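Heads up, the thing below is written out as structure tokens.
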Amino acid sequence: MSNLSVNVAGVEFKNPVIPASGAFGYGREYEKFYPLSILGGISVKGTTLHRREGNPPPRIAETPSGMLNSVGLQNGGAEKFLNYELPNLVTKDTRIIANIAGATIEECAQLASMMNGTAVDMIELNISCPNVKQGGAAFGTNPNTAAEITAAVRKATDKPLMVKLSPNVTDITEIARAVESAGADAVSLINTLLGMRIDIKTKRPILKNNVGGLSGPAVFPIAVRMVWQVYNAVKIPIIGMGGISTAEDVIEMMMAGAKAIQIGAALFADPFAPIKIIEGLNEYCENNNISNLADITGTVKPW
Amino acid sequence: MYTQGKYPIIKKTAIAKGIFDVTVSCPEIAQNAEPGQFAQVAAEGFFLRRPISICDIDKEKGTIRIVFEVRGKGTDKISQLACGCLIDIIAPLGNGFKKLSGKKAICIGGGIGTPPMLGIAKVYGENATVISGFRNSSVAILQDDFKACGAKAILCTDDGSAGIHGFVTDALKNELKENKADIIYACGPMGMLRAIVDIAEENGIECQVSLEQRMGCGVGACLVCACRTVKDGKEIYSHVCKDGPVFDSKEVVLGE
């Protein structure tokens, strides 16, 4: 067995495979398929200060090799996460990434400070949700705001801080540099791309929210490109995501510059995708005499 | 536990235009499945699985039966799987119908909402009345199956081309005049469900409805298949895949 472990901002993951926020809940459902201890970590459902009901349905639309979603951060709120979900997650022998999403800068800071002294291993600050009116992508598409919110959250917490970036920007490296200089320990990218589908019979958008976030294999090349650009722009580690569904995708994403990866939409097509990916990574390492998978990060040889 | 696997199709029949009846040999799924639950079925070349209700379960033979209508390109792809092919399913998912022993049930299906009524009708046998409604005789399905399980089968069509010329709600009102029921099960279009729930409430009969919504994961993690429910007097979003697809009519808000 090769060593699949990776270190992101001081946090050791047993392997680089992490289900992405919003695709895996708090692990309870997927635990009915396999033990969560197999996973490198779990990025939990985006958590807001107070309970949120989310957007009206339909919240999902299929697209070629992907899907749009507009859940709108439905979640039980921070107290429920800390009192009900976290005590369960800590028994699962996997790293816990708390994905937090505030409607204001103050709320983000408050959420982050609530994680202090808990078993959360890392905070993922979501400044890129395309499906909410307040906060979300409004924070993550302007470098000044992104830096301001990162600095405020940085001050509020002693946990490793990762900022999740939006691809719906002209230059993602600008945002990455801004959050790095404001004190982020890592960045994760990409969140979903804003998209739309219309039912041509009814002339109605399929999503009740009209627009939503595109994910799935369709976005993978965009994600690889953005991870590679950010890798060349900042020194802090990157967790790459966007359309990953196979071990080969993971290797590609790591070569582009990611230290670890997250899997989202692929879980819906195949709930066992993370397990198959981990097996595939072991095979890849053995076949290529790689003793530490972490060594492949950023090894792409650009023309 | 949830089971995902590729299982052989052992029987496949087109039982009406665009409606397919598929029996799958999947002992571990059949063992755990209950009437009213559903399967997430993969359609080759399409990203998302299609949620399809389980029509019937044979625990001894280790099979489940799904009856579905071709609604789009994904279900069309699934319908092309021939007998002997493998079908990729996750099941059994969601909560099934509540079963009352020694009681009388009325099971009501509207169109392609009819298949899940077979499994629950079998639980009640002669104590079940199945009312099913269709656009016309060409898409009227499963009548022989309902009769075979001992249930009283009442067929309604919108155009009168078979059975009673009228809606399932008319048939339900007539049935309730003659026979009392302890519980009503319903699956079909929202308008039909609302009308049935009203009748159930007027008559003080417990009612369970099975809902449909566009789904993602099918297991309760992604939260896309939202539906309005009432909890502690407040409306909230629950999820069809995990909290349903079967809901007590008193806890669900039947919208558009």
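If you're wondering about the labels, chains in the structure tokens are A, B, ... by order shown, residues count from 1 in each chain, ligands from 1 in order shown.
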Quick one: which residues from chain A are at most 10 Å off chain B, using only C-alpha atoms, as a compact mmCIF listing (two decimals) with N, CA and C atoms, in the first residue's frame?
```
# COMPACT_ATOMS: atom_id res chain seq x y z
N SER A 21 -18.97 19.82 0.42
CA SER A 21 -20.08 20.40 1.15
C SER A 21 -21.35 20.44 0.29
N GLY A 22 -22.45 20.02 0.90
CA GLY A 22 -23.73 20.06 0.22
C GLY A 22 -24.09 18.77 -0.49
N ALA A 23 -23.08 17.93 -0.73
CA ALA A 23 -23.34 16.68 -1.46
C ALA A 23 -23.46 15.49 -0.53
N PHE A 24 -23.10 15.68 0.73
CA PHE A 24 -22.90 14.54 1.63
C PHE A 24 -23.59 14.75 2.97
N GLY A 25 -24.34 15.83 3.09
CA GLY A 25 -24.98 16.11 4.38
C GLY A 25 -23.93 16.16 5.48
N TYR A 26 -24.19 15.42 6.54
CA TYR A 26 -23.23 15.28 7.64
C TYR A 26 -22.77 13.83 7.72
N GLY A 27 -22.90 13.13 6.61
CA GLY A 27 -22.39 11.76 6.53
C GLY A 27 -23.36 10.67 6.91
N ARG A 28 -24.46 11.05 7.58
CA ARG A 28 -25.36 10.02 8.11
C ARG A 28 -25.94 9.12 7.02
N GLU A 29 -26.27 9.71 5.88
CA GLU A 29 -26.91 8.92 4.81
C GLU A 29 -25.92 7.98 4.15
N TYR A 30 -24.71 8.50 3.87
CA TYR A 30 -23.74 7.67 3.16
C TYR A 30 -23.12 6.60 4.05
N GLU A 31 -23.26 6.79 5.36
CA GLU A 31 -22.79 5.76 6.28
C GLU A 31 -23.60 4.48 6.13
N LYS A 32 -24.77 4.61 5.50
CA LYS A 32 -25.57 3.40 5.23
C LYS A 32 -25.02 2.63 4.03
N PHE A 33 -24.01 3.20 3.35
CA PHE A 33 -23.34 2.48 2.26
C PHE A 33 -21.97 1.94 2.69
N TYR A 34 -21.21 2.74 3.46
CA TYR A 34 -19.85 2.34 3.85
C TYR A 34 -19.40 3.16 5.07
N LYS A 45 -22.27 19.95 5.21
CA LYS A 45 -23.26 20.83 4.59
C LYS A 45 -23.06 22.28 5.08
N ARG A 52 -32.03 27.54 8.11
CA ARG A 52 -32.53 28.08 6.84
C ARG A 52 -33.37 27.04 6.13
N GLU A 53 -34.47 27.47 5.55
CA GLU A 53 -35.36 26.53 4.85
C GLU A 53 -34.93 26.28 3.41
N GLY A 54 -34.14 27.18 2.86
CA GLY A 54 -33.69 27.00 1.48
C GLY A 54 -34.70 27.49 0.47
N ASN A 55 -34.42 27.22 -0.80
CA ASN A 55 -35.24 27.74 -1.90
C ASN A 55 -36.41 26.80 -2.23
N PRO A 56 -37.47 27.35 -2.86
CA PRO A 56 -38.58 26.48 -3.28
C PRO A 56 -38.14 25.50 -4.38
N PRO A 57 -38.77 24.33 -4.43
CA PRO A 57 -38.44 23.37 -5.49
C PRO A 57 -39.13 23.71 -6.80
N PRO A 58 -38.74 23.19 -7.94
CA PRO A 58 -37.60 22.30 -8.13
C PRO A 58 -36.26 22.98 -7.86
N ARG A 59 -35.37 22.20 -7.24
CA ARG A 59 -34.04 22.70 -6.90
C ARG A 59 -32.95 22.04 -7.73
N ILE A 60 -33.35 21.17 -8.65
CA ILE A 60 -32.34 20.46 -9.43
C ILE A 60 -32.78 20.32 -10.87
N ALA A 61 -31.82 20.40 -11.77
CA ALA A 61 -32.09 20.18 -13.19
C ALA A 61 -30.90 19.42 -13.77
N GLU A 62 -31.20 18.41 -14.56
CA GLU A 62 -30.09 17.67 -15.18
C GLU A 62 -29.55 18.46 -16.36
N THR A 63 -28.26 18.31 -16.61
CA THR A 63 -27.62 18.95 -17.76
C THR A 63 -26.71 17.90 -18.41
N PRO A 64 -26.23 18.17 -19.61
CA PRO A 64 -25.30 17.19 -20.20
C PRO A 64 -24.09 17.00 -19.27
N SER A 65 -23.86 15.78 -18.84
CA SER A 65 -22.75 15.44 -17.93
C SER A 65 -22.72 16.31 -16.68
N GLY A 66 -23.87 16.61 -16.15
CA GLY A 66 -23.87 17.39 -14.92
C GLY A 66 -25.26 17.75 -14.46
N MET A 67 -25.31 18.74 -13.60
CA MET A 67 -26.59 19.14 -13.02
C MET A 67 -26.50 20.57 -12.51
N ASN A 69 -28.06 23.02 -9.40
CA ASN A 69 -28.81 22.96 -8.15
C ASN A 69 -29.03 24.36 -7.62
N SER A 70 -30.13 24.51 -6.91
CA SER A 70 -30.36 25.76 -6.19
C SER A 70 -31.03 25.44 -4.86
N VAL A 71 -30.30 24.76 -4.01
CA VAL A 71 -30.83 24.36 -2.70
C VAL A 71 -31.02 25.60 -1.83
N GLY A 72 -30.07 26.52 -1.90
CA GLY A 72 -30.19 27.74 -1.11
C GLY A 72 -29.83 27.56 0.35
N LEU A 73 -28.80 26.73 0.58
CA LEU A 73 -28.23 26.56 1.94
C LEU A 73 -29.25 26.14 2.99
N GLN A 74 -30.14 25.24 2.63
CA GLN A 74 -31.03 24.69 3.67
C GLN A 74 -30.16 23.95 4.69
N ASN A 75 -30.29 24.33 5.95
CA ASN A 75 -29.56 23.63 7.01
C ASN A 75 -30.17 23.99 8.37
N GLY A 216 -20.67 18.70 -11.75
CA GLY A 216 -20.60 17.44 -12.49
C GLY A 216 -19.46 17.46 -13.50
N PRO A 217 -19.24 16.32 -14.18
CA PRO A 217 -18.11 16.19 -15.10
C PRO A 217 -18.00 17.32 -16.12
N GLY A 264 -18.37 16.00 -5.28
CA GLY A 264 -19.74 16.40 -5.02
C GLY A 264 -20.73 15.61 -5.85
N ALA A 265 -21.07 16.16 -7.01
CA ALA A 265 -22.14 15.59 -7.84
C ALA A 265 -21.93 14.11 -8.17
N ALA A 266 -20.68 13.69 -8.30
CA ALA A 266 -20.41 12.29 -8.66
C ALA A 266 -21.05 11.31 -7.69
N LEU A 267 -21.23 11.75 -6.45
CA LEU A 267 -21.85 10.90 -5.44
C LEU A 267 -23.28 10.52 -5.80
N PHE A 268 -23.96 11.41 -6.52
CA PHE A 268 -25.37 11.15 -6.83
C PHE A 268 -25.49 10.07 -7.90
N ALA A 269 -24.54 10.08 -8.83
CA ALA A 269 -24.54 9.05 -9.86
C ALA A 269 -24.09 7.73 -9.25
N ASP A 270 -23.08 7.79 -8.41
CA ASP A 270 -22.53 6.59 -7.79
C ASP A 270 -22.11 6.89 -6.35
N PRO A 271 -22.92 6.45 -5.38
CA PRO A 271 -22.58 6.75 -3.99
C PRO A 271 -21.23 6.16 -3.56
N PHE A 272 -20.79 5.15 -4.29
CA PHE A 272 -19.50 4.52 -3.96
C PHE A 272 -18.31 5.19 -4.64
```
For the strand (DSSP E or B) assignment from backbone DSSP, which residues of range 13-92 of chain A qualify? Please present them as a PyMOL selection string.
chain A and resi 13+17-19+41-43+47+52+60-63+66-69+75
Take the residues from that selection and write them out as a PDB file, in the first residue's frame, keeping N, CA and C atoms.
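Saved as selection-v1.pdb:
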```
ATOM      1  N   PHE A  13      -4.664  14.490   6.382  1.00  0.00           N
ATOM      2  CA  PHE A  13      -5.790  13.675   5.891  1.00  0.00           C
ATOM      3  C   PHE A  13      -5.229  12.316   5.494  1.00  0.00           C
ATOM      4  N   VAL A  17      -9.257  12.261  -0.441  1.00  0.00           N
ATOM      5  CA  VAL A  17     -10.635  12.205  -0.935  1.00  0.00           C
ATOM      6  C   VAL A  17     -11.626  12.682   0.130  1.00  0.00           C
ATOM      7  N   ILE A  18     -12.290  13.790  -0.178  1.00  0.00           N
ATOM      8  CA  ILE A  18     -13.187  14.451   0.769  1.00  0.00           C
ATOM      9  C   ILE A  18     -14.520  14.739   0.070  1.00  0.00           C
ATOM     10  N   PRO A  19     -15.618  14.156   0.526  1.00  0.00           N
ATOM     11  CA  PRO A  19     -16.917  14.559  -0.034  1.00  0.00           C
ATOM     12  C   PRO A  19     -17.145  16.061   0.175  1.00  0.00           C
ATOM     13  N   GLY A  41     -11.637  12.961   4.683  1.00  0.00           N
ATOM     14  CA  GLY A  41     -12.354  13.919   5.516  1.00  0.00           C
ATOM     15  C   GLY A  41     -13.740  14.123   4.958  1.00  0.00           C
ATOM     16  N   ILE A  42     -14.509  14.964   5.646  1.00  0.00           N
ATOM     17  CA  ILE A  42     -15.844  15.315   5.167  1.00  0.00           C
ATOM     18  C   ILE A  42     -15.998  16.820   5.282  1.00  0.00           C
ATOM     19  N   SER A  43     -16.383  17.458   4.179  1.00  0.00           N
ATOM     20  CA  SER A  43     -16.759  18.864   4.270  1.00  0.00           C
ATOM     21  C   SER A  43     -18.272  18.890   4.431  1.00  0.00           C
ATOM     22  N   THR A  47     -23.169  25.585   6.717  1.00  0.00           N
ATOM     23  CA  THR A  47     -23.872  25.883   7.960  1.00  0.00           C
ATOM     24  C   THR A  47     -23.989  27.386   8.143  1.00  0.00           C
ATOM     25  N   ARG A  52     -32.033  27.538   8.112  1.00  0.00           N
ATOM     26  CA  ARG A  52     -32.533  28.082   6.838  1.00  0.00           C
ATOM     27  C   ARG A  52     -33.371  27.037   6.134  1.00  0.00           C
ATOM     28  N   ILE A  60     -33.350  21.169  -8.648  1.00  0.00           N
ATOM     29  CA  ILE A  60     -32.337  20.456  -9.426  1.00  0.00           C
ATOM     30  C   ILE A  60     -32.778  20.317 -10.872  1.00  0.00           C
ATOM     31  N   ALA A  61     -31.824  20.398 -11.773  1.00  0.00           N
ATOM     32  CA  ALA A  61     -32.094  20.177 -13.191  1.00  0.00           C
ATOM     33  C   ALA A  61     -30.900  19.425 -13.767  1.00  0.00           C
ATOM     34  N   GLU A  62     -31.200  18.412 -14.556  1.00  0.00           N
ATOM     35  CA  GLU A  62     -30.095  17.667 -15.181  1.00  0.00           C
ATOM     36  C   GLU A  62     -29.547  18.461 -16.360  1.00  0.00           C
ATOM     37  N   THR A  63     -28.261  18.308 -16.609  1.00  0.00           N
ATOM     38  CA  THR A  63     -27.618  18.952 -17.758  1.00  0.00           C
ATOM     39  C   THR A  63     -26.710  17.905 -18.411  1.00  0.00           C
ATOM     40  N   GLY A  66     -23.874  16.610 -16.151  1.00  0.00           N
ATOM     41  CA  GLY A  66     -23.866  17.390 -14.919  1.00  0.00           C
ATOM     42  C   GLY A  66     -25.259  17.751 -14.457  1.00  0.00           C
ATOM     43  N   MET A  67     -25.308  18.741 -13.603  1.00  0.00           N
ATOM     44  CA  MET A  67     -26.588  19.144 -13.018  1.00  0.00           C
ATOM     45  C   MET A  67     -26.501  20.571 -12.506  1.00  0.00           C
ATOM     46  N   LEU A  68     -27.680  21.205 -12.424  1.00  0.00           N
ATOM     47  CA  LEU A  68     -27.785  22.502 -11.762  1.00  0.00           C
ATOM     48  C   LEU A  68     -28.477  22.277 -10.432  1.00  0.00           C
ATOM     49  N   ASN A  69     -28.058  23.016  -9.401  1.00  0.00           N
ATOM     50  CA  ASN A  69     -28.811  22.958  -8.153  1.00  0.00           C
ATOM     51  C   ASN A  69     -29.027  24.357  -7.617  1.00  0.00           C
ATOM     52  N   ASN A  75     -30.295  24.328   5.951  1.00  0.00           N
ATOM     53  CA  ASN A  75     -29.560  23.633   7.011  1.00  0.00           C
ATOM     54  C   ASN A  75     -30.166  23.988   8.366  1.00  0.00           C
TER      55      ASN A  75
END
```
To one decimal place in Å, what is the distance between CA of Met192 in chain B and CA of Ala105 in chain B?
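It comes out at 17.8 Å.
Non-sequential neighbours of Cys207 in chain B (distance at most 9 Å, separation of 3 or more positions within a chain, only C-alpha atoms) are B:Asp182, B:Ile183, B:Ile184, B:Tyr185, B:Ala186, B:Ile196, B:Val197, B:Ala200, B:Glu201, B:Phe247, B:Asp248, B:Ser249, B:Lys250.
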Which of these, B:Ile106, B:Ile19, B:Leu118, B:Val209, has the shortest distance to Arg71 in chain B once you count only C-alpha atoms?
B:Ile19
Can you work out which one of B:Asp76, B:Thr129, B:Phe167, B:Ser138 has the shortest atom-to-atom distance to Gly150 in chain B, counting only C-alpha atoms?
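Distance minimum relative to Gly150 in chain B lands on B:Thr129.
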For range 52-132 of chain B against range 20-32 of chain B, with a cut-off of 8 Å and counting only C-alpha atoms, what is the closest atom pair and its distance in Å to one decimal for every residue that makes the cut, ordered by chain and number, as JSON lines?
```
{"residue": "B:Ile57", "atom": "CA", "partner": "B:Ala30", "partner_atom": "CA", "distance": 6.0}
{"residue": "B:Asp58", "atom": "CA", "partner": "B:Ala30", "partner_atom": "CA", "distance": 6.6}
{"residue": "B:Lys59", "atom": "CA", "partner": "B:Ala30", "partner_atom": "CA", "distance": 5.3}
{"residue": "B:Lys61", "atom": "CA", "partner": "B:Pro27", "partner_atom": "CA", "distance": 7.4}
{"residue": "B:Gly62", "atom": "CA", "partner": "B:Pro27", "partner_atom": "CA", "distance": 3.8}
{"residue": "B:Thr63", "atom": "CA", "partner": "B:Ser25", "partner_atom": "CA", "distance": 4.5}
{"residue": "B:Ile64", "atom": "CA", "partner": "B:Val24", "partner_atom": "CA", "distance": 5.5}
{"residue": "B:Arg65", "atom": "CA", "partner": "B:Thr23", "partner_atom": "CA", "distance": 4.3}
{"residue": "B:Ile66", "atom": "CA", "partner": "B:Val22", "partner_atom": "CA", "distance": 5.3}
{"residue": "B:Val67", "atom": "CA", "partner": "B:Asp21", "partner_atom": "CA", "distance": 4.4}
{"residue": "B:Phe68", "atom": "CA", "partner": "B:Phe20", "partner_atom": "CA", "distance": 5.5}
{"residue": "B:Glu69", "atom": "CA", "partner": "B:Phe20", "partner_atom": "CA", "distance": 6.4}
{"residue": "B:Val70", "atom": "CA", "partner": "B:Phe20", "partner_atom": "CA", "distance": 8.0}
{"residue": "B:Ser79", "atom": "CA", "partner": "B:Phe20", "partner_atom": "CA", "distance": 6.7}
{"residue": "B:Ile87", "atom": "CA", "partner": "B:Val24", "partner_atom": "CA", "distance": 7.8}
{"residue": "B:Ala91", "atom": "CA", "partner": "B:Ile29", "partner_atom": "CA", "distance": 6.1}
{"residue": "B:Pro92", "atom": "CA", "partner": "B:Ile29", "partner_atom": "CA", "distance": 6.1}
```
Can you measure CA of Leu193 in chain A to CA of Ser215 in chain A for me? One decimal in Å is fine.
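Taking CA of Leu193 in chain A as the start and CA of Ser215 in chain A as the end point, the length is 7.0 Å.
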Mind listing the alpha helix (DSSP H) residues of range 102-159 of chain B, per DSSP on the backbone, as a ChimeraX atom specification?
/B:116-124,143-148
Based on the selection just made, write N, CA and C atoms of those residues as a PDB file, in the first residue's frame.
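File out32.pdb, as written:
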```pdb
ATOM      1  N   PRO B 116     -47.357   1.943  -7.387  1.00  0.00           N
ATOM      2  CA  PRO B 116     -47.042   1.682  -5.969  1.00  0.00           C
ATOM      3  C   PRO B 116     -48.235   1.149  -5.179  1.00  0.00           C
ATOM      4  N   MET B 117     -49.462   1.242  -5.755  1.00  0.00           N
ATOM      5  CA  MET B 117     -50.652   0.760  -5.047  1.00  0.00           C
ATOM      6  C   MET B 117     -50.728  -0.769  -5.024  1.00  0.00           C
ATOM      7  N   LEU B 118     -50.007  -1.432  -5.944  1.00  0.00           N
ATOM      8  CA  LEU B 118     -50.102  -2.894  -5.983  1.00  0.00           C
ATOM      9  C   LEU B 118     -49.504  -3.517  -4.719  1.00  0.00           C
ATOM     10  N   GLY B 119     -48.302  -3.066  -4.361  1.00  0.00           N
ATOM     11  CA  GLY B 119     -47.637  -3.631  -3.181  1.00  0.00           C
ATOM     12  C   GLY B 119     -48.476  -3.482  -1.922  1.00  0.00           C
ATOM     13  N   ILE B 120     -49.078  -2.326  -1.745  1.00  0.00           N
ATOM     14  CA  ILE B 120     -49.855  -2.096  -0.516  1.00  0.00           C
ATOM     15  C   ILE B 120     -51.216  -2.802  -0.606  1.00  0.00           C
ATOM     16  N   ALA B 121     -51.787  -2.888  -1.805  1.00  0.00           N
ATOM     17  CA  ALA B 121     -53.060  -3.610  -1.965  1.00  0.00           C
ATOM     18  C   ALA B 121     -52.875  -5.080  -1.581  1.00  0.00           C
ATOM     19  N   LYS B 122     -51.724  -5.647  -1.907  1.00  0.00           N
ATOM     20  CA  LYS B 122     -51.454  -7.052  -1.576  1.00  0.00           C
ATOM     21  C   LYS B 122     -51.436  -7.287  -0.069  1.00  0.00           C
ATOM     22  N   VAL B 123     -50.969  -6.271   0.672  1.00  0.00           N
ATOM     23  CA  VAL B 123     -50.924  -6.403   2.133  1.00  0.00           C
ATOM     24  C   VAL B 123     -52.340  -6.585   2.678  1.00  0.00           C
ATOM     25  N   TYR B 124     -53.316  -5.911   2.053  1.00  0.00           N
ATOM     26  CA  TYR B 124     -54.693  -5.955   2.543  1.00  0.00           C
ATOM     27  C   TYR B 124     -55.538  -7.022   1.845  1.00  0.00           C
ATOM     28  N   GLN B 143     -54.836  -3.767 -13.805  1.00  0.00           N
ATOM     29  CA  GLN B 143     -56.159  -4.159 -13.281  1.00  0.00           C
ATOM     30  C   GLN B 143     -56.212  -5.641 -12.908  1.00  0.00           C
ATOM     31  N   ASP B 144     -55.609  -6.484 -13.737  1.00  0.00           N
ATOM     32  CA  ASP B 144     -55.611  -7.926 -13.439  1.00  0.00           C
ATOM     33  C   ASP B 144     -54.796  -8.240 -12.189  1.00  0.00           C
ATOM     34  N   ASP B 145     -53.710  -7.492 -12.004  1.00  0.00           N
ATOM     35  CA  ASP B 145     -52.882  -7.716 -10.804  1.00  0.00           C
ATOM     36  C   ASP B 145     -53.655  -7.382  -9.535  1.00  0.00           C
ATOM     37  N   PHE B 146     -54.410  -6.295  -9.586  1.00  0.00           N
ATOM     38  CA  PHE B 146     -55.188  -5.916  -8.402  1.00  0.00           C
ATOM     39  C   PHE B 146     -56.230  -6.990  -8.095  1.00  0.00           C
ATOM     40  N   LYS B 147     -56.896  -7.485  -9.144  1.00  0.00           N
ATOM     41  CA  LYS B 147     -57.914  -8.522  -8.940  1.00  0.00           C
ATOM     42  C   LYS B 147     -57.262  -9.791  -8.400  1.00  0.00           C
ATOM     43  N   ALA B 148     -56.070 -10.111  -8.934  1.00  0.00           N
ATOM     44  CA  ALA B 148     -55.387 -11.350  -8.530  1.00  0.00           C
ATOM     45  C   ALA B 148     -55.027 -11.344  -7.049  1.00  0.00           C
TER      46      ALA B 148
END
```
Compare A:Arg204, A:Lys14, A:Lys235, A:Lys155 by their minimum atom-to-atom distance to Asp185 in chain A, counting only C-alpha atoms, and give me the closest one.
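For Asp185 in chain A, the nearest of the candidates is A:Lys235.
Closest approach to Lys73 in chain B from the set B:Gly191, B:Gly18, B:Gly125, B:Gly109 is made by B:Gly18, with distances taken over only C-alpha atoms.
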Distance query Gly195 in chain A at most 8 Å, only C-alpha atoms, self and fewer than 3 positions along chain excluded, as a list in words
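My list of contacting residues is Leu68, Val211, Gly212, Gly213 and Leu214 of chain A.
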6 Å contact set for Ser188 in chain A, only C-alpha atoms, chain neighbours under 4 positions out, as a CSV table (one decimal) with C-alpha atoms, in the first residue's frame:
```csv
chain,number,residue,atom,x,y,z
A,164,LYS,CA,-13.9,28.4,-0.9
A,238,ILE,CA,-5.4,24.2,-2.6
A,239,ILE,CA,-8.2,21.7,-2.3
A,240,GLY,CA,-9.4,21.1,-5.8
```
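The spacing separating CA of Thr104 in chain A from CA of Val120 in chain A amounts to 21.9 Å.
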